[in-house]
file my_file.cif (mmCIF, N, CA, C and O atoms)
data_input
#
loop_
_atom_site.group_PDB
_atom_site.id
_atom_site.type_symbol
_atom_site.label_atom_id
_atom_site.label_comp_id
_atom_site.auth_asym_id
_atom_site.auth_seq_id
_atom_site.Cartn_x
_atom_site.Cartn_y
_atom_site.Cartn_z
ATOM 1 N N MET A 1 18.846 -14.888 -15.456
ATOM 2 C CA MET A 1 18.005 -15.505 -16.467
ATOM 3 C C MET A 1 16.543 -15.363 -16.053
ATOM 4 O O MET A 1 16.212 -15.564 -14.893
ATOM 5 N N PRO A 2 15.688 -15.025 -16.995
ATOM 6 C CA PRO A 2 14.284 -14.763 -16.661
ATOM 7 C C PRO A 2 13.412 -16.020 -16.640
ATOM 8 O O PRO A 2 13.742 -17.045 -17.235
ATOM 9 N N TYR A 3 12.293 -15.891 -15.950
ATOM 10 C CA TYR A 3 11.243 -16.903 -15.989
ATOM 11 C C TYR A 3 10.401 -16.679 -17.232
ATOM 12 O O TYR A 3 10.124 -15.538 -17.608
ATOM 13 N N TYR A 4 9.971 -17.766 -17.844
ATOM 14 C CA TYR A 4 9.006 -17.730 -18.943
ATOM 15 C C TYR A 4 7.838 -18.603 -18.529
ATOM 16 O O TYR A 4 8.018 -19.668 -17.933
ATOM 17 N N TYR A 5 6.639 -18.131 -18.828
ATOM 18 C CA TYR A 5 5.404 -18.807 -18.436
ATOM 19 C C TYR A 5 4.706 -19.322 -19.687
ATOM 20 O O TYR A 5 4.656 -18.636 -20.709
ATOM 21 N N PHE A 6 4.148 -20.534 -19.593
ATOM 22 C CA PHE A 6 3.529 -21.196 -20.735
ATOM 23 C C PHE A 6 2.057 -21.448 -20.448
ATOM 24 O O PHE A 6 1.712 -21.955 -19.378
ATOM 25 N N ASP A 7 1.215 -21.107 -21.416
ATOM 26 C CA ASP A 7 -0.228 -21.312 -21.298
ATOM 27 C C ASP A 7 -0.739 -22.050 -22.521
ATOM 28 O O ASP A 7 -0.274 -21.806 -23.644
ATOM 29 N N LEU A 8 -1.729 -22.903 -22.305
ATOM 30 C CA LEU A 8 -2.500 -23.472 -23.398
ATOM 31 C C LEU A 8 -3.628 -22.497 -23.670
ATOM 32 O O LEU A 8 -4.393 -22.158 -22.766
ATOM 33 N N VAL A 9 -3.732 -22.013 -24.894
ATOM 34 C CA VAL A 9 -4.761 -21.046 -25.269
ATOM 35 C C VAL A 9 -5.914 -21.820 -25.909
ATOM 36 O O VAL A 9 -5.740 -22.470 -26.943
ATOM 37 N N VAL A 10 -7.078 -21.748 -25.261
ATOM 38 C CA VAL A 10 -8.292 -22.398 -25.760
ATOM 39 C C VAL A 10 -9.344 -21.306 -25.880
ATOM 40 O O VAL A 10 -9.920 -20.880 -24.871
ATOM 41 N N GLY A 11 -9.565 -20.816 -27.093
ATOM 42 C CA GLY A 11 -10.481 -19.683 -27.286
ATOM 43 C C GLY A 11 -9.935 -18.460 -26.584
ATOM 44 O O GLY A 11 -8.831 -18.008 -26.861
ATOM 45 N N GLU A 12 -10.709 -17.942 -25.638
ATOM 46 C CA GLU A 12 -10.293 -16.769 -24.862
ATOM 47 C C GLU A 12 -9.695 -17.163 -23.507
ATOM 48 O O GLU A 12 -9.360 -16.305 -22.705
ATOM 49 N N GLU A 13 -9.562 -18.458 -23.270
ATOM 50 C CA GLU A 13 -9.102 -18.966 -21.976
ATOM 51 C C GLU A 13 -7.630 -19.351 -22.041
ATOM 52 O O GLU A 13 -7.162 -19.906 -23.038
ATOM 53 N N PHE A 14 -6.883 -19.059 -20.974
ATOM 54 C CA PHE A 14 -5.475 -19.403 -20.862
ATOM 55 C C PHE A 14 -5.306 -20.392 -19.718
ATOM 56 O O PHE A 14 -5.616 -20.077 -18.574
ATOM 57 N N LYS A 15 -4.828 -21.597 -20.041
ATOM 58 C CA LYS A 15 -4.639 -22.643 -19.035
ATOM 59 C C LYS A 15 -3.151 -22.797 -18.758
ATOM 60 O O LYS A 15 -2.383 -23.186 -19.635
ATOM 61 N N ASN A 16 -2.768 -22.502 -17.528
ATOM 62 C CA ASN A 16 -1.365 -22.515 -17.119
ATOM 63 C C ASN A 16 -0.750 -23.889 -17.347
ATOM 64 O O ASN A 16 -1.279 -24.894 -16.900
ATOM 65 N N GLN A 17 0.386 -23.905 -18.029
ATOM 66 C CA GLN A 17 1.123 -25.146 -18.270
ATOM 67 C C GLN A 17 2.466 -25.151 -17.551
ATOM 68 O O GLN A 17 3.280 -26.035 -17.759
ATOM 69 N N GLY A 18 2.706 -24.125 -16.734
ATOM 70 C CA GLY A 18 3.927 -24.077 -15.951
ATOM 71 C C GLY A 18 4.862 -22.965 -16.372
ATOM 72 O O GLY A 18 4.579 -22.189 -17.280
ATOM 73 N N SER A 19 5.991 -22.903 -15.684
ATOM 74 C CA SER A 19 6.998 -21.880 -15.975
ATOM 75 C C SER A 19 8.375 -22.512 -15.844
ATOM 76 O O SER A 19 8.541 -23.571 -15.242
ATOM 77 N N ILE A 20 9.349 -21.827 -16.429
ATOM 78 C CA ILE A 20 10.720 -22.327 -16.399
ATOM 79 C C ILE A 20 11.676 -21.142 -16.566
ATOM 80 O O ILE A 20 11.337 -20.148 -17.204
ATOM 81 N N ILE A 21 12.834 -21.262 -15.962
ATOM 82 C CA ILE A 21 13.886 -20.261 -16.145
ATOM 83 C C ILE A 21 14.697 -20.680 -17.367
ATOM 84 O O ILE A 21 15.190 -21.806 -17.433
ATOM 85 N N LEU A 22 14.802 -19.777 -18.320
ATOM 86 C CA LEU A 22 15.568 -20.054 -19.541
ATOM 87 C C LEU A 22 16.464 -18.872 -19.859
ATOM 88 O O LEU A 22 16.217 -17.746 -19.406
ATOM 89 N N GLU A 23 17.444 -19.119 -20.685
ATOM 90 C CA GLU A 23 18.424 -18.084 -21.013
ATOM 91 C C GLU A 23 17.816 -16.931 -21.800
ATOM 92 O O GLU A 23 18.126 -15.764 -21.541
ATOM 93 N N ASP A 24 16.947 -17.268 -22.783
ATOM 94 C CA ASP A 24 16.399 -16.210 -23.630
ATOM 95 C C ASP A 24 15.099 -16.664 -24.293
ATOM 96 O O ASP A 24 14.661 -17.805 -24.111
ATOM 97 N N LEU A 25 14.501 -15.759 -25.065
ATOM 98 C CA LEU A 25 13.237 -16.051 -25.730
ATOM 99 C C LEU A 25 13.379 -17.155 -26.770
ATOM 100 O O LEU A 25 12.450 -17.918 -26.993
ATOM 101 N N HIS A 26 14.542 -17.259 -27.382
ATOM 102 C CA HIS A 26 14.765 -18.330 -28.359
ATOM 103 C C HIS A 26 14.556 -19.701 -27.696
ATOM 104 O O HIS A 26 13.874 -20.575 -28.240
ATOM 105 N N GLY A 27 15.111 -19.890 -26.523
ATOM 106 C CA GLY A 27 14.927 -21.141 -25.779
ATOM 107 C C GLY A 27 13.485 -21.346 -25.373
ATOM 108 O O GLY A 27 12.956 -22.462 -25.427
ATOM 109 N N ALA A 28 12.817 -20.262 -24.984
ATOM 110 C CA ALA A 28 11.411 -20.354 -24.582
ATOM 111 C C ALA A 28 10.523 -20.702 -25.773
ATOM 112 O O ALA A 28 9.583 -21.494 -25.637
ATOM 113 N N SER A 29 10.816 -20.124 -26.934
ATOM 114 C CA SER A 29 9.998 -20.437 -28.111
ATOM 115 C C SER A 29 10.205 -21.888 -28.535
ATOM 116 O O SER A 29 9.253 -22.559 -28.953
ATOM 117 N N ASP A 30 11.427 -22.394 -28.410
ATOM 118 C CA ASP A 30 11.676 -23.808 -28.699
ATOM 119 C C ASP A 30 10.872 -24.706 -27.760
ATOM 120 O O ASP A 30 10.284 -25.702 -28.194
ATOM 121 N N LYS A 31 10.847 -24.359 -26.476
ATOM 122 C CA LYS A 31 10.070 -25.138 -25.496
ATOM 123 C C LYS A 31 8.579 -25.066 -25.813
ATOM 124 O O LYS A 31 7.855 -26.050 -25.674
ATOM 125 N N ALA A 32 8.097 -23.898 -26.233
ATOM 126 C CA ALA A 32 6.683 -23.747 -26.584
ATOM 127 C C ALA A 32 6.334 -24.617 -27.788
ATOM 128 O O ALA A 32 5.282 -25.267 -27.810
ATOM 129 N N ASP A 33 7.206 -24.636 -28.783
ATOM 130 C CA ASP A 33 6.982 -25.491 -29.954
ATOM 131 C C ASP A 33 6.929 -26.962 -29.551
ATOM 132 O O ASP A 33 6.080 -27.724 -30.018
ATOM 133 N N GLN A 34 7.843 -27.350 -28.670
ATOM 134 C CA GLN A 34 7.886 -28.730 -28.189
ATOM 135 C C GLN A 34 6.613 -29.066 -27.420
ATOM 136 O O GLN A 34 6.015 -30.126 -27.614
ATOM 137 N N LEU A 35 6.172 -28.158 -26.550
ATOM 138 C CA LEU A 35 4.951 -28.373 -25.772
ATOM 139 C C LEU A 35 3.733 -28.471 -26.690
ATOM 140 O O LEU A 35 2.873 -29.339 -26.503
ATOM 141 N N ALA A 36 3.660 -27.615 -27.698
ATOM 142 C CA ALA A 36 2.541 -27.658 -28.647
ATOM 143 C C ALA A 36 2.514 -28.996 -29.371
ATOM 144 O O ALA A 36 1.440 -29.593 -29.554
ATOM 145 N N ASN A 37 3.673 -29.476 -29.769
ATOM 146 C CA ASN A 37 3.754 -30.771 -30.444
ATOM 147 C C ASN A 37 3.289 -31.898 -29.517
ATOM 148 O O ASN A 37 2.515 -32.770 -29.927
ATOM 149 N N GLU A 38 3.748 -31.888 -28.280
ATOM 150 C CA GLU A 38 3.361 -32.922 -27.316
ATOM 151 C C GLU A 38 1.863 -32.877 -27.030
ATOM 152 O O GLU A 38 1.202 -33.920 -26.991
ATOM 153 N N LEU A 39 1.319 -31.673 -26.847
ATOM 154 C CA LEU A 39 -0.115 -31.556 -26.576
ATOM 155 C C LEU A 39 -0.948 -32.033 -27.764
ATOM 156 O O LEU A 39 -1.988 -32.661 -27.589
ATOM 157 N N SER A 40 -0.484 -31.746 -28.973
ATOM 158 C CA SER A 40 -1.240 -32.182 -30.154
ATOM 159 C C SER A 40 -1.219 -33.703 -30.291
ATOM 160 O O SER A 40 -2.130 -34.276 -30.871
ATOM 161 N N GLN A 41 -0.193 -34.352 -29.741
ATOM 162 C CA GLN A 41 -0.113 -35.814 -29.780
ATOM 163 C C GLN A 41 -1.019 -36.461 -28.736
ATOM 164 O O GLN A 41 -1.697 -37.438 -29.026
ATOM 165 N N VAL A 42 -1.027 -35.910 -27.517
ATOM 166 C CA VAL A 42 -1.802 -36.537 -26.436
ATOM 167 C C VAL A 42 -3.257 -36.080 -26.400
ATOM 168 O O VAL A 42 -4.103 -36.782 -25.857
ATOM 169 N N GLN A 43 -3.546 -34.908 -26.981
ATOM 170 C CA GLN A 43 -4.921 -34.404 -27.043
ATOM 171 C C GLN A 43 -5.205 -33.877 -28.446
ATOM 172 O O GLN A 43 -5.330 -32.670 -28.663
ATOM 173 N N PRO A 44 -5.301 -34.779 -29.434
ATOM 174 C CA PRO A 44 -5.465 -34.343 -30.827
ATOM 175 C C PRO A 44 -6.727 -33.516 -31.066
ATOM 176 O O PRO A 44 -6.769 -32.729 -32.013
ATOM 177 N N GLU A 45 -7.718 -33.641 -30.214
ATOM 178 C CA GLU A 45 -8.939 -32.854 -30.376
ATOM 179 C C GLU A 45 -8.692 -31.352 -30.228
ATOM 180 O O GLU A 45 -9.457 -30.529 -30.741
ATOM 181 N N LEU A 46 -7.608 -30.977 -29.559
ATOM 182 C CA LEU A 46 -7.286 -29.558 -29.391
ATOM 183 C C LEU A 46 -6.882 -28.902 -30.709
ATOM 184 O O LEU A 46 -7.091 -27.708 -30.910
ATOM 185 N N LYS A 47 -6.302 -29.684 -31.625
ATOM 186 C CA LYS A 47 -5.866 -29.129 -32.910
ATOM 187 C C LYS A 47 -7.048 -28.572 -33.692
ATOM 188 O O LYS A 47 -6.958 -27.493 -34.276
ATOM 189 N N ALA A 48 -8.153 -29.295 -33.689
ATOM 190 C CA ALA A 48 -9.337 -28.867 -34.445
ATOM 191 C C ALA A 48 -9.997 -27.638 -33.828
ATOM 192 O O ALA A 48 -10.768 -26.950 -34.495
ATOM 193 N N ARG A 49 -9.677 -27.352 -32.595
ATOM 194 C CA ARG A 49 -10.278 -26.206 -31.899
ATOM 195 C C ARG A 49 -9.451 -24.932 -32.043
ATOM 196 O O ARG A 49 -9.789 -23.899 -31.468
ATOM 197 N N GLY A 50 -8.363 -24.994 -32.787
ATOM 198 C CA GLY A 50 -7.545 -23.801 -32.996
ATOM 199 C C GLY A 50 -6.743 -23.384 -31.780
ATOM 200 O O GLY A 50 -6.440 -22.205 -31.605
ATOM 201 N N CYS A 51 -6.373 -24.330 -30.943
ATOM 202 C CA CYS A 51 -5.629 -24.027 -29.725
ATOM 203 C C CYS A 51 -4.168 -23.698 -30.040
ATOM 204 O O CYS A 51 -3.660 -24.013 -31.108
ATOM 205 N N ALA A 52 -3.521 -23.062 -29.071
ATOM 206 C CA ALA A 52 -2.130 -22.662 -29.228
ATOM 207 C C ALA A 52 -1.434 -22.697 -27.875
ATOM 208 O O ALA A 52 -2.083 -22.817 -26.832
ATOM 209 N N VAL A 53 -0.122 -22.593 -27.911
ATOM 210 C CA VAL A 53 0.679 -22.417 -26.695
ATOM 211 C C VAL A 53 1.282 -21.025 -26.777
ATOM 212 O O VAL A 53 1.811 -20.625 -27.817
ATOM 213 N N ARG A 54 1.168 -20.281 -25.694
ATOM 214 C CA ARG A 54 1.775 -18.954 -25.672
ATOM 215 C C ARG A 54 2.806 -18.875 -24.567
ATOM 216 O O ARG A 54 2.739 -19.603 -23.572
ATOM 217 N N VAL A 55 3.755 -17.967 -24.762
ATOM 218 C CA VAL A 55 4.806 -17.699 -23.789
ATOM 219 C C VAL A 55 4.628 -16.262 -23.319
ATOM 220 O O VAL A 55 4.461 -15.345 -24.133
ATOM 221 N N THR A 56 4.654 -16.073 -22.002
ATOM 222 C CA THR A 56 4.562 -14.726 -21.439
ATOM 223 C C THR A 56 5.737 -14.497 -20.494
ATOM 224 O O THR A 56 6.395 -15.434 -20.056
ATOM 225 N N ASP A 57 5.946 -13.218 -20.188
ATOM 226 C CA ASP A 57 6.984 -12.865 -19.222
ATOM 227 C C ASP A 57 6.353 -12.633 -17.851
ATOM 228 O O ASP A 57 5.154 -12.847 -17.668
ATOM 229 N N GLY A 58 7.147 -12.186 -16.919
ATOM 230 C CA GLY A 58 6.671 -11.955 -15.557
ATOM 231 C C GLY A 58 5.618 -10.874 -15.443
ATOM 232 O O GLY A 58 4.881 -10.825 -14.456
ATOM 233 N N ASP A 59 5.504 -10.009 -16.450
ATOM 234 C CA ASP A 59 4.482 -8.960 -16.464
ATOM 235 C C ASP A 59 3.257 -9.373 -17.283
ATOM 236 O O ASP A 59 2.429 -8.541 -17.623
ATOM 237 N N ASN A 60 3.173 -10.666 -17.614
ATOM 238 C CA ASN A 60 2.068 -11.244 -18.379
ATOM 239 C C ASN A 60 1.967 -10.679 -19.805
ATOM 240 O O ASN A 60 0.903 -10.668 -20.396
ATOM 241 N N ARG A 61 3.097 -10.210 -20.340
ATOM 242 C CA ARG A 61 3.131 -9.775 -21.740
ATOM 243 C C ARG A 61 3.402 -10.984 -22.620
ATOM 244 O O ARG A 61 4.347 -11.735 -22.354
ATOM 245 N N GLU A 62 2.579 -11.147 -23.650
ATOM 246 C CA GLU A 62 2.776 -12.260 -24.563
ATOM 247 C C GLU A 62 4.004 -12.002 -25.433
ATOM 248 O O GLU A 62 4.113 -10.967 -26.070
ATOM 249 N N LEU A 63 4.911 -12.989 -25.461
ATOM 250 C CA LEU A 63 6.152 -12.862 -26.205
ATOM 251 C C LEU A 63 6.186 -13.753 -27.443
ATOM 252 O O LEU A 63 6.902 -13.467 -28.403
ATOM 253 N N TYR A 64 5.413 -14.846 -27.400
ATOM 254 C CA TYR A 64 5.454 -15.825 -28.487
ATOM 255 C C TYR A 64 4.182 -16.662 -28.420
ATOM 256 O O TYR A 64 3.651 -16.887 -27.336
ATOM 257 N N ARG A 65 3.728 -17.129 -29.590
ATOM 258 C CA ARG A 65 2.568 -18.012 -29.655
ATOM 259 C C ARG A 65 2.767 -18.969 -30.820
ATOM 260 O O ARG A 65 3.202 -18.565 -31.890
ATOM 261 N N THR A 66 2.442 -20.234 -30.592
ATOM 262 C CA THR A 66 2.544 -21.241 -31.646
ATOM 263 C C THR A 66 1.284 -22.102 -31.640
ATOM 264 O O THR A 66 0.835 -22.525 -30.576
ATOM 265 N N PRO A 67 0.687 -22.345 -32.797
ATOM 266 C CA PRO A 67 -0.539 -23.148 -32.849
ATOM 267 C C PRO A 67 -0.243 -24.633 -32.653
ATOM 268 O O PRO A 67 0.851 -25.103 -32.978
ATOM 269 N N LEU A 68 -1.233 -25.374 -32.128
ATOM 270 C CA LEU A 68 -1.086 -26.811 -32.008
ATOM 271 C C LEU A 68 -1.209 -27.489 -33.360
ATOM 272 O O LEU A 68 -0.713 -28.580 -33.561
ATOM 273 N N ASP A 69 -1.864 -26.836 -34.297
ATOM 274 C CA ASP A 69 -2.032 -27.390 -35.637
ATOM 275 C C ASP A 69 -1.482 -26.396 -36.648
ATOM 276 O O ASP A 69 -2.228 -25.692 -37.316
ATOM 277 N N PRO A 70 -0.141 -26.321 -36.776
ATOM 278 C CA PRO A 70 0.439 -25.353 -37.709
ATOM 279 C C PRO A 70 0.138 -25.732 -39.152
ATOM 280 O O PRO A 70 -0.162 -26.884 -39.460
ATOM 281 N N VAL A 71 0.216 -24.765 -40.020
ATOM 282 C CA VAL A 71 0.037 -25.006 -41.445
ATOM 283 C C VAL A 71 1.202 -25.881 -41.915
ATOM 284 O O VAL A 71 2.360 -25.560 -41.640
ATOM 285 N N PRO A 72 0.909 -27.001 -42.576
ATOM 286 C CA PRO A 72 2.007 -27.853 -43.047
ATOM 287 C C PRO A 72 2.954 -27.089 -43.967
ATOM 288 O O PRO A 72 2.515 -26.232 -44.735
ATOM 289 N N LYS A 73 4.245 -27.393 -43.868
ATOM 290 C CA LYS A 73 5.247 -26.683 -44.659
ATOM 291 C C LYS A 73 4.977 -26.816 -46.152
ATOM 292 O O LYS A 73 5.158 -25.869 -46.896
ATOM 293 N N TRP A 74 4.510 -27.979 -46.593
ATOM 294 C CA TRP A 74 4.271 -28.153 -48.017
ATOM 295 C C TRP A 74 3.117 -27.262 -48.487
ATOM 296 O O TRP A 74 3.129 -26.772 -49.594
ATOM 297 N N LEU A 75 2.128 -27.023 -47.606
ATOM 298 C CA LEU A 75 1.001 -26.177 -47.976
ATOM 299 C C LEU A 75 1.410 -24.708 -47.980
ATOM 300 O O LEU A 75 1.057 -23.962 -48.888
ATOM 301 N N SER A 76 2.184 -24.281 -46.989
ATOM 302 C CA SER A 76 2.602 -22.876 -46.955
ATOM 303 C C SER A 76 3.548 -22.571 -48.116
ATOM 304 O O SER A 76 3.543 -21.470 -48.649
ATOM 305 N N ALA A 77 4.352 -23.531 -48.560
ATOM 306 C CA ALA A 77 5.237 -23.331 -49.700
ATOM 307 C C ALA A 77 4.436 -23.168 -50.990
ATOM 308 O O ALA A 77 4.806 -22.377 -51.849
ATOM 309 N N ARG A 78 3.337 -23.881 -51.112
ATOM 310 C CA ARG A 78 2.495 -23.772 -52.309
ATOM 311 C C ARG A 78 1.836 -22.404 -52.390
ATOM 312 O O ARG A 78 1.687 -21.846 -53.467
ATOM 313 N N LYS A 79 1.441 -21.854 -51.249
ATOM 314 C CA LYS A 79 0.766 -20.554 -51.248
ATOM 315 C C LYS A 79 1.714 -19.418 -51.595
ATOM 316 O O LYS A 79 1.314 -18.445 -52.205
ATOM 317 N N THR A 80 2.978 -19.518 -51.178
ATOM 318 C CA THR A 80 3.928 -18.450 -51.423
ATOM 319 C C THR A 80 4.666 -18.638 -52.748
ATOM 320 O O THR A 80 5.281 -17.727 -53.233
ATOM 321 N N GLY A 81 4.635 -19.849 -53.291
ATOM 322 C CA GLY A 81 5.422 -20.118 -54.486
ATOM 323 C C GLY A 81 4.679 -20.063 -55.721
ATOM 324 O O GLY A 81 4.036 -19.605 -56.447
#
call {"tool": "encode", "arguments": {"input": "my_file.cif", "output": "structure tokens"}}
result
Amino acid sequence: MPYYYFDLVVGEEFKNQGSIILEDLHGASDKADQLANELSQVQPELKARGCAVRVTDGDNRELYRTPLDPVPKWLSARKTG
């Protein structure tokens, strides 16, 4: 099972949030979503700054990214519908 690394993305800066061994990218993306939600709760000012959580592999390749302030589902449904 591979290591996945998590960073808080603030502008062009990547702040290490730790790493974990997980079965696959699906599990890592779930953890990233959870981390983004937790960070948006404890540091709400980050949402207004367009911050995100990214997942990278051992070669520092970005595999997944999720914003701390995602577009609300009701708003994205209105745009596509």
call {"tool": "residues_around", "arguments": {"input": "my_file.cif", "residues": "segment 48-61 of chain A", "least_positions_apart": "3", "cutoff": "7 Å", "atoms": "only N, CA, C and O atoms", "output": "PyMOL selection string"}}
result
chain A and resi 3-11+13+28+32-33+35-36+43-45+64-69
call {"tool": "write_last_selection", "arguments": {"input": "my_file.cif", "atoms": "N, CA, C and O atoms", "output": "compact mmCIF listing (two decimals), in the frame of the given file"}}
result
# COMPACT_ATOMS: atom_id res chain seq x y z
N TYR A 3 12.29 -15.89 -15.95
CA TYR A 3 11.24 -16.90 -15.99
C TYR A 3 10.40 -16.68 -17.23
O TYR A 3 10.12 -15.54 -17.61
N TYR A 4 9.97 -17.77 -17.84
CA TYR A 4 9.01 -17.73 -18.94
C TYR A 4 7.84 -18.60 -18.53
O TYR A 4 8.02 -19.67 -17.93
N TYR A 5 6.64 -18.13 -18.83
CA TYR A 5 5.40 -18.81 -18.44
C TYR A 5 4.71 -19.32 -19.69
O TYR A 5 4.66 -18.64 -20.71
N PHE A 6 4.15 -20.53 -19.59
CA PHE A 6 3.53 -21.20 -20.74
C PHE A 6 2.06 -21.45 -20.45
O PHE A 6 1.71 -21.96 -19.38
N ASP A 7 1.22 -21.11 -21.42
CA ASP A 7 -0.23 -21.31 -21.30
C ASP A 7 -0.74 -22.05 -22.52
O ASP A 7 -0.27 -21.81 -23.64
N LEU A 8 -1.73 -22.90 -22.30
CA LEU A 8 -2.50 -23.47 -23.40
C LEU A 8 -3.63 -22.50 -23.67
O LEU A 8 -4.39 -22.16 -22.77
N VAL A 9 -3.73 -22.01 -24.89
CA VAL A 9 -4.76 -21.05 -25.27
C VAL A 9 -5.91 -21.82 -25.91
O VAL A 9 -5.74 -22.47 -26.94
N VAL A 10 -7.08 -21.75 -25.26
CA VAL A 10 -8.29 -22.40 -25.76
C VAL A 10 -9.34 -21.31 -25.88
O VAL A 10 -9.92 -20.88 -24.87
N GLY A 11 -9.56 -20.82 -27.09
CA GLY A 11 -10.48 -19.68 -27.29
C GLY A 11 -9.94 -18.46 -26.58
O GLY A 11 -8.83 -18.01 -26.86
N GLU A 13 -9.56 -18.46 -23.27
CA GLU A 13 -9.10 -18.97 -21.98
C GLU A 13 -7.63 -19.35 -22.04
O GLU A 13 -7.16 -19.91 -23.04
N ALA A 28 12.82 -20.26 -24.98
CA ALA A 28 11.41 -20.35 -24.58
C ALA A 28 10.52 -20.70 -25.77
O ALA A 28 9.58 -21.49 -25.64
N ALA A 32 8.10 -23.90 -26.23
CA ALA A 32 6.68 -23.75 -26.58
C ALA A 32 6.33 -24.62 -27.79
O ALA A 32 5.28 -25.27 -27.81
N ASP A 33 7.21 -24.64 -28.78
CA ASP A 33 6.98 -25.49 -29.95
C ASP A 33 6.93 -26.96 -29.55
O ASP A 33 6.08 -27.72 -30.02
N LEU A 35 6.17 -28.16 -26.55
CA LEU A 35 4.95 -28.37 -25.77
C LEU A 35 3.73 -28.47 -26.69
O LEU A 35 2.87 -29.34 -26.50
N ALA A 36 3.66 -27.62 -27.70
CA ALA A 36 2.54 -27.66 -28.65
C ALA A 36 2.51 -29.00 -29.37
O ALA A 36 1.44 -29.59 -29.55
N GLN A 43 -3.55 -34.91 -26.98
CA GLN A 43 -4.92 -34.40 -27.04
C GLN A 43 -5.20 -33.88 -28.45
O GLN A 43 -5.33 -32.67 -28.66
N PRO A 44 -5.30 -34.78 -29.43
CA PRO A 44 -5.46 -34.34 -30.83
C PRO A 44 -6.73 -33.52 -31.07
O PRO A 44 -6.77 -32.73 -32.01
N GLU A 45 -7.72 -33.64 -30.21
CA GLU A 45 -8.94 -32.85 -30.38
C GLU A 45 -8.69 -31.35 -30.23
O GLU A 45 -9.46 -30.53 -30.74
N TYR A 64 5.41 -14.85 -27.40
CA TYR A 64 5.45 -15.82 -28.49
C TYR A 64 4.18 -16.66 -28.42
O TYR A 64 3.65 -16.89 -27.34
N ARG A 65 3.73 -17.13 -29.59
CA ARG A 65 2.57 -18.01 -29.66
C ARG A 65 2.77 -18.97 -30.82
O ARG A 65 3.20 -18.57 -31.89
N THR A 66 2.44 -20.23 -30.59
CA THR A 66 2.54 -21.24 -31.65
C THR A 66 1.28 -22.10 -31.64
O THR A 66 0.84 -22.52 -30.58
N PRO A 67 0.69 -22.34 -32.80
CA PRO A 67 -0.54 -23.15 -32.85
C PRO A 67 -0.24 -24.63 -32.65
O PRO A 67 0.85 -25.10 -32.98
N LEU A 68 -1.23 -25.37 -32.13
CA LEU A 68 -1.09 -26.81 -32.01
C LEU A 68 -1.21 -27.49 -33.36
O LEU A 68 -0.71 -28.58 -33.56
N ASP A 69 -1.86 -26.84 -34.30
CA ASP A 69 -2.03 -27.39 -35.64
C ASP A 69 -1.48 -26.40 -36.65
O ASP A 69 -2.23 -25.69 -37.32
call {"tool": "atom_distance", "arguments": {"input": "my_file.cif", "atom1": "atom CA of Leu22 of chain A", "atom2": "atom CA of Met1 of chain A"}}
result
6.0 Å
call {"tool": "atom_distance", "arguments": {"input": "my_file.cif", "atom1": "atom N of Asp24 of chain A", "atom2": "atom C of Leu39 of chain A"}}
result
23.7 Å
call {"tool": "atom_distance", "arguments": {"input": "my_file.cif", "atom1": "atom CA of Val42 of chain A", "atom2": "atom CA of Gly27 of chain A"}}
result
22.7 Å
call {"tool": "select_by_dssp", "arguments": {"input": "my_file.cif", "residues": "chain A", "states": "alpha helix (DSSP H)", "output": "ChimeraX atom specification"}}
result
/A:25-42,45-48,73-80
